[in-house]
Amino acid sequence: MFKAKDEGIRNLSKYADAPVLTKSGCEDAIQFILSQIDRNLDTFTDRFPSPSSTNNIYEPWGNIEWTPGFWTGMLWLAYEITGERKYRNTAEGQLESYKMRLKEKEHTATHDLGFLYTLSSVSAYKLTGNEEAKQLAIQAADLLLERYFEKAGIIQAWGDLNNPNQRGRMIVDCCMNLPLLYWASEMTGERKYTRAAETHVKQAAAHLIREDASSYHTFYMDVDTGEPKYGKTSQGYSDDSCWSRGQAWALYGFPLSYTYTGDAALLDIGQKVTNYYLNRLPDDYVCYWDLTFTEGEEERDSSAAAIAVCGMFELIKHLPLLDNNKRIYENASLLILKSLTDRYTAKKDPCSNGILLHAVYGKPLGNGIDECCIWGDYYYFEALVRVMSDWKPYW
Ligand code: GLY
């Protein structure tokens, strides 16, 4: 159905054995995360961690950018696994800030509304039945829907819909923001959200994913004719390369859309994207910031690795027991998780208030290079919670 072909997994022996990832090792890793959250709790009650650290230290920022939800989401994960009120109280207290952001339309001209409101508000509703949080998330879904272009069948990534530089530009990251729309349909009974999400994800699979199952970071569509135009990167090495985090967003996003739509083609493309990713991992299983690089001195992106682990866990849930690659994905995700736990956490840097070191926000933009990134911390935490429990996604 889509043009992407499957290159298979080339080095099966690399993923043949599951690592010795012990329950107590995971418990220790979670304890470390909780201790870092506790360390940050006062600082990041009325403020939020900066998207990336400076010298491994997050600074206090307002509720701007696309990233505050990752901190609030970590508080919800912490509440879920410990039952401790302090995490819930802080996360609930932050809802006011998300409410103001919508009311004042501060930095809301973005597809990232999904990241922001899924992790802060859908999570609150799913865990505690908070009606106000539910309404906030539905409002966010309404705003996200305003970014949908009917003829092209896509949600515009960034900026004003009439900005000529951004008009009709879709982005691979948006695969992670579609669950907000599917969920809004479930809550309201209105199909319009799901219709847009379903159409967008198919357009993403058709145009953002290339024939070799690698991904463009962004792709322009003609919103008047609906015709595809061209791919362009913002955070990757080049327009034709495969930005690691973009591939990880796709790897996780397609199986999530499958959970809501039941469309097997999305699971299939999720596998192809995963295979491409696994074929380009270095010896310690943590990808470089762009999959062009498979060895050498370029920086790793631990955040992409953490996203990919969560994505493979989601993918595995939906594959038949006899699927040839199911065991490989299971081993690969555990190998990555073990490598992150053994080599990439801020246990190595006691001054750091972050969790996962060695991520890259945007190398060509010169920001957050070899730093902690708050979404990396979130997905690493989610991965550990997934491995230790039958976790019900906020997504
Ligand atoms: N969604 C923006 C990023 O991954 O950097």
# chains A, B, ... in the order shown; residues from 1 in each chain; ligands from 1
>>> select_by_dssp(residues="stretch 107-257 of chain A", states="helix (DSSP H, G or I)", output="PyMOL selection string")
chain A and resi 113-128+131-145+172-176+178-188+192-208+244-257
>>> residues_around(residues="stretch 86-100 of chain A", least_positions_apart="2", cutoff="7 Å", atoms="only C-alpha atoms", output="CSV table (one decimal) with all heavy atoms, in the first residue's frame")
chain,number,residue,atom,x,y,z
A,45,THR,N,8.0,23.3,40.2
A,45,THR,CA,6.6,23.2,40.6
A,45,THR,C,5.8,24.3,39.8
A,45,THR,O,4.9,24.0,39.1
A,45,THR,CB,6.4,23.4,42.1
A,45,THR,OG1,6.9,22.3,42.7
A,45,THR,CG2,5.0,23.6,42.5
A,46,ASP,N,6.3,25.5,39.8
A,46,ASP,CA,5.7,26.6,39.1
A,46,ASP,C,6.4,26.9,37.8
A,46,ASP,O,5.9,27.6,36.9
A,46,ASP,CB,5.7,27.9,39.9
A,46,ASP,CG,4.9,27.7,41.2
A,46,ASP,OD1,3.8,27.0,41.1
A,46,ASP,OD2,5.3,28.2,42.2
A,63,ASN,N,6.0,27.9,30.8
A,63,ASN,CA,5.3,26.9,30.0
A,63,ASN,C,5.3,27.3,28.5
A,63,ASN,O,4.2,27.8,28.0
A,63,ASN,CB,3.9,26.7,30.5
A,63,ASN,CG,3.2,25.4,29.9
A,63,ASN,OD1,3.5,25.0,28.8
A,63,ASN,ND2,2.2,24.9,30.6
A,72,THR,N,5.7,17.1,33.3
A,72,THR,CA,4.4,16.8,34.0
A,72,THR,C,4.1,15.3,33.8
A,72,THR,O,3.7,14.6,34.8
A,72,THR,CB,3.3,17.7,33.4
A,72,THR,OG1,3.7,19.0,33.4
A,72,THR,CG2,2.1,17.6,34.3
A,75,LEU,N,5.9,13.3,36.3
A,75,LEU,CA,5.3,13.4,37.6
A,75,LEU,C,4.1,12.4,37.7
A,75,LEU,O,3.9,11.7,38.7
A,75,LEU,CB,4.8,14.8,37.9
A,75,LEU,CG,5.8,15.8,38.0
A,75,LEU,CD1,5.2,17.2,38.1
A,75,LEU,CD2,6.7,15.6,39.2
A,76,TRP,N,3.4,12.3,36.6
A,76,TRP,CA,2.3,11.3,36.6
A,76,TRP,C,2.8,9.9,36.6
A,76,TRP,O,2.2,9.0,37.3
A,76,TRP,CB,1.4,11.5,35.3
A,76,TRP,CG,0.4,12.7,35.5
A,76,TRP,CD1,0.4,13.8,34.7
A,76,TRP,CD2,-0.6,12.9,36.5
A,76,TRP,NE1,-0.6,14.7,35.2
A,76,TRP,CE2,-1.2,14.1,36.3
A,76,TRP,CE3,-1.0,12.1,37.6
A,76,TRP,CZ2,-2.2,14.6,37.2
A,76,TRP,CZ3,-2.0,12.6,38.4
A,76,TRP,CH2,-2.6,13.8,38.2
A,78,ALA,N,5.5,9.0,38.0
A,78,ALA,CA,6.0,8.8,39.4
A,78,ALA,C,4.8,8.5,40.4
A,78,ALA,O,4.9,7.6,41.2
A,78,ALA,CB,6.8,10.0,39.9
A,79,TYR,N,3.7,9.3,40.1
A,79,TYR,CA,2.5,9.1,41.0
A,79,TYR,C,2.0,7.7,40.8
A,79,TYR,O,1.6,6.9,41.7
A,79,TYR,CB,1.5,10.1,40.7
A,79,TYR,CG,0.1,9.8,41.3
A,79,TYR,CD1,0.0,9.8,42.7
A,79,TYR,CD2,-1.0,9.5,40.5
A,79,TYR,CE1,-1.2,9.5,43.3
A,79,TYR,CE2,-2.2,9.2,41.1
A,79,TYR,CZ,-2.3,9.2,42.5
A,79,TYR,OH,-3.5,8.9,43.1
A,84,GLU,N,2.4,8.2,45.6
A,84,GLU,CA,2.7,9.3,46.5
A,84,GLU,C,2.1,10.6,46.0
A,84,GLU,O,2.2,11.0,44.9
A,84,GLU,CB,4.2,9.5,46.6
A,84,GLU,CG,4.9,8.4,47.4
A,84,GLU,CD,6.3,8.8,47.8
A,84,GLU,OE1,6.5,9.9,48.2
A,84,GLU,OE2,7.2,8.0,47.6
A,102,LEU,N,-3.6,27.6,26.8
A,102,LEU,CA,-4.6,27.5,25.8
A,102,LEU,C,-5.4,28.8,25.8
A,102,LEU,O,-5.8,29.3,24.7
A,102,LEU,CB,-5.6,26.4,26.2
A,102,LEU,CG,-5.1,24.9,25.9
A,102,LEU,CD1,-6.2,24.0,26.3
A,102,LEU,CD2,-4.7,24.8,24.4
A,103,LYS,N,-5.8,29.4,26.9
A,103,LYS,CA,-6.6,30.6,27.0
A,103,LYS,C,-5.9,31.7,26.3
A,103,LYS,O,-6.5,32.4,25.5
A,103,LYS,CB,-6.9,30.9,28.5
A,103,LYS,CG,-7.8,32.0,28.7
A,103,LYS,CD,-8.4,32.0,30.1
A,103,LYS,CE,-9.3,33.2,30.3
A,103,LYS,NZ,-8.6,34.2,31.2
A,104,GLU,N,-4.6,31.9,26.6
A,104,GLU,CA,-3.9,33.0,26.0
A,104,GLU,C,-3.3,32.7,24.6
A,104,GLU,O,-2.6,33.5,24.0
A,104,GLU,CB,-2.7,33.4,26.9
A,104,GLU,CG,-3.1,33.7,28.3
A,104,GLU,CD,-3.9,35.0,28.5
A,104,GLU,OE1,-3.8,35.8,27.7
A,104,GLU,OE2,-4.6,35.0,29.6
A,136,LEU,N,-9.6,20.3,29.0
A,136,LEU,CA,-8.4,21.0,28.5
A,136,LEU,C,-7.9,20.2,27.3
A,136,LEU,O,-7.5,20.8,26.3
A,136,LEU,CB,-7.3,21.1,29.5
A,136,LEU,CG,-7.4,22.1,30.6
A,136,LEU,CD1,-6.2,22.0,31.5
A,136,LEU,CD2,-7.5,23.5,30.0
>>> closest_residue(among="A:Val273, A:Met176, A:Leu356, A:Ile328", to="ligand 1", atoms="only C-alpha atoms and all ligand atoms")
A:Met176
>>> residues_near_ligand(ligand="ligand 1", cutoff="7 Å", atoms="only C-alpha atoms and all ligand atoms", output="list in words")
Asp173, Arg245, Gly246, Tyr361 and Gly362 of chain A
>>> write_last_selection(atoms="C-alpha atoms", output="mmCIF file, in the first residue's frame")
data_model
loop_
_atom_site.group_PDB
_atom_site.id
_atom_site.type_symbol
_atom_site.label_atom_id
_atom_site.label_comp_id
_atom_site.auth_asym_id
_atom_site.auth_seq_id
_atom_site.Cartn_x
_atom_site.Cartn_y
_atom_site.Cartn_z
ATOM 1 C CA ASP A 173 7.189 13.882 14.932
ATOM 2 C CA ARG A 245 14.832 10.941 16.471
ATOM 3 C CA GLY A 246 12.511 11.372 13.528
ATOM 4 C CA TYR A 361 18.300 18.411 20.550
ATOM 5 C CA GLY A 362 19.245 19.976 17.214
#
>>> residues_around(residues="A:Pro19", least_positions_apart="2", cutoff="8 Å", atoms="only C-alpha atoms", output="list in words")
Asp17, Leu21, Asn331, Leu334, Leu335 and Lys338 of chain A
>>> select_by_dssp(residues="stretch 44-255 of chain A", states="strand (DSSP E)", output="NGL selection string")
:A and (48-49 or 60-61 or 148-149 or 154-155 or 169-171 or 218-221 or 228-232)
>>> closest_residue(among="A:Val309, A:Leu41, A:Leu113, A:Cys372", to="A:Gln156", atoms="only C-alpha atoms")
A:Leu113
>>> residues_around(residues="stretch 199-209 of chain A", least_positions_apart="2", cutoff="9 Å", atoms="only C-alpha atoms", output="PyMOL selection string")
chain A and resi 1-4+148+152-155+170-172+174-175+178+194-197+211-219+228+230-231+250+253-254+257+266+269+273
>>> atom_distance(atom1="atom CA of A:Phe381", atom2="atom CA of A:Cys351")
19.8 Å
>>> residues_around(residues="A:Leu251", least_positions_apart="2", cutoff="9 Å", atoms="only C-alpha atoms", output="list in words")
Gly246, Gln247, Ala248, Trp249, Gly253, Phe254, Pro255, Ile269, Gly270, Gln271, Lys272, Val273, Thr274, Tyr277, Ile307, Ala308, Gly311, Met312 and Leu315 of chain A
>>> write_last_selection(atoms="N, CA, C and O atoms", output="compact mmCIF listing (two decimals), in the first residue's frame")
# COMPACT_ATOMS: atom_id res chain seq x y z
N GLY A 246 13.67 11.44 14.41
CA GLY A 246 12.51 11.37 13.53
C GLY A 246 12.11 9.93 13.26
O GLY A 246 10.94 9.56 13.29
N GLN A 247 13.13 9.08 13.02
CA GLN A 247 12.83 7.67 12.77
C GLN A 247 12.20 7.04 14.02
O GLN A 247 11.27 6.24 13.92
N ALA A 248 12.69 7.47 15.18
CA ALA A 248 12.12 6.93 16.43
C ALA A 248 10.69 7.41 16.63
O ALA A 248 9.83 6.64 17.08
N TRP A 249 10.40 8.66 16.27
CA TRP A 249 9.00 9.13 16.38
C TRP A 249 8.10 8.28 15.49
O TRP A 249 6.97 7.93 15.87
N GLY A 253 5.16 6.06 16.64
CA GLY A 253 3.88 6.65 16.24
C GLY A 253 3.00 5.73 15.41
O GLY A 253 1.78 5.69 15.60
N PHE A 254 3.58 4.96 14.50
CA PHE A 254 2.73 4.09 13.66
C PHE A 254 2.02 3.01 14.48
O PHE A 254 0.81 2.82 14.32
N PRO A 255 2.73 2.31 15.37
CA PRO A 255 2.00 1.34 16.21
C PRO A 255 0.93 2.00 17.08
O PRO A 255 -0.12 1.41 17.32
N ILE A 269 4.21 -0.94 8.34
CA ILE A 269 5.20 0.12 8.07
C ILE A 269 6.01 0.41 9.33
O ILE A 269 7.21 0.71 9.27
N GLY A 270 5.39 0.25 10.48
CA GLY A 270 6.11 0.40 11.75
C GLY A 270 7.27 -0.60 11.82
O GLY A 270 8.37 -0.26 12.27
N GLN A 271 7.05 -1.81 11.35
CA GLN A 271 8.12 -2.83 11.36
C GLN A 271 9.24 -2.46 10.39
O GLN A 271 10.42 -2.63 10.70
N LYS A 272 8.87 -1.97 9.22
CA LYS A 272 9.89 -1.61 8.22
C LYS A 272 10.78 -0.48 8.75
O LYS A 272 12.01 -0.49 8.58
N VAL A 273 10.13 0.50 9.37
CA VAL A 273 10.85 1.64 9.95
C VAL A 273 11.77 1.15 11.07
O VAL A 273 12.92 1.59 11.20
N THR A 274 11.28 0.22 11.85
CA THR A 274 12.07 -0.34 12.96
C THR A 274 13.29 -1.09 12.42
O THR A 274 14.41 -0.93 12.94
N TYR A 277 15.96 1.22 11.37
CA TYR A 277 16.61 1.79 12.57
C TYR A 277 17.60 0.79 13.17
O TYR A 277 18.76 1.11 13.44
N ILE A 307 13.07 6.65 23.01
CA ILE A 307 11.79 6.66 22.28
C ILE A 307 11.63 5.34 21.52
O ILE A 307 10.56 4.72 21.51
N ALA A 308 12.72 4.90 20.88
CA ALA A 308 12.66 3.66 20.09
C ALA A 308 12.34 2.45 20.98
O ALA A 308 11.59 1.56 20.56
N GLY A 311 8.71 2.54 21.58
CA GLY A 311 8.03 2.19 20.33
C GLY A 311 8.04 0.70 20.07
O GLY A 311 7.04 0.11 19.66
N MET A 312 9.21 0.08 20.31
CA MET A 312 9.27 -1.38 20.08
C MET A 312 8.41 -2.14 21.09
O MET A 312 7.78 -3.12 20.74
N LEU A 315 5.02 -1.88 19.63
CA LEU A 315 4.93 -2.72 18.43
C LEU A 315 4.76 -4.21 18.81
O LEU A 315 3.88 -4.90 18.29
>>> residues_around(residues="A:Arg300", least_positions_apart="3", cutoff="9 Å", atoms="only C-alpha atoms", output="PyMOL selection string")
chain A and resi 286-290+297+303-305+358-360+370
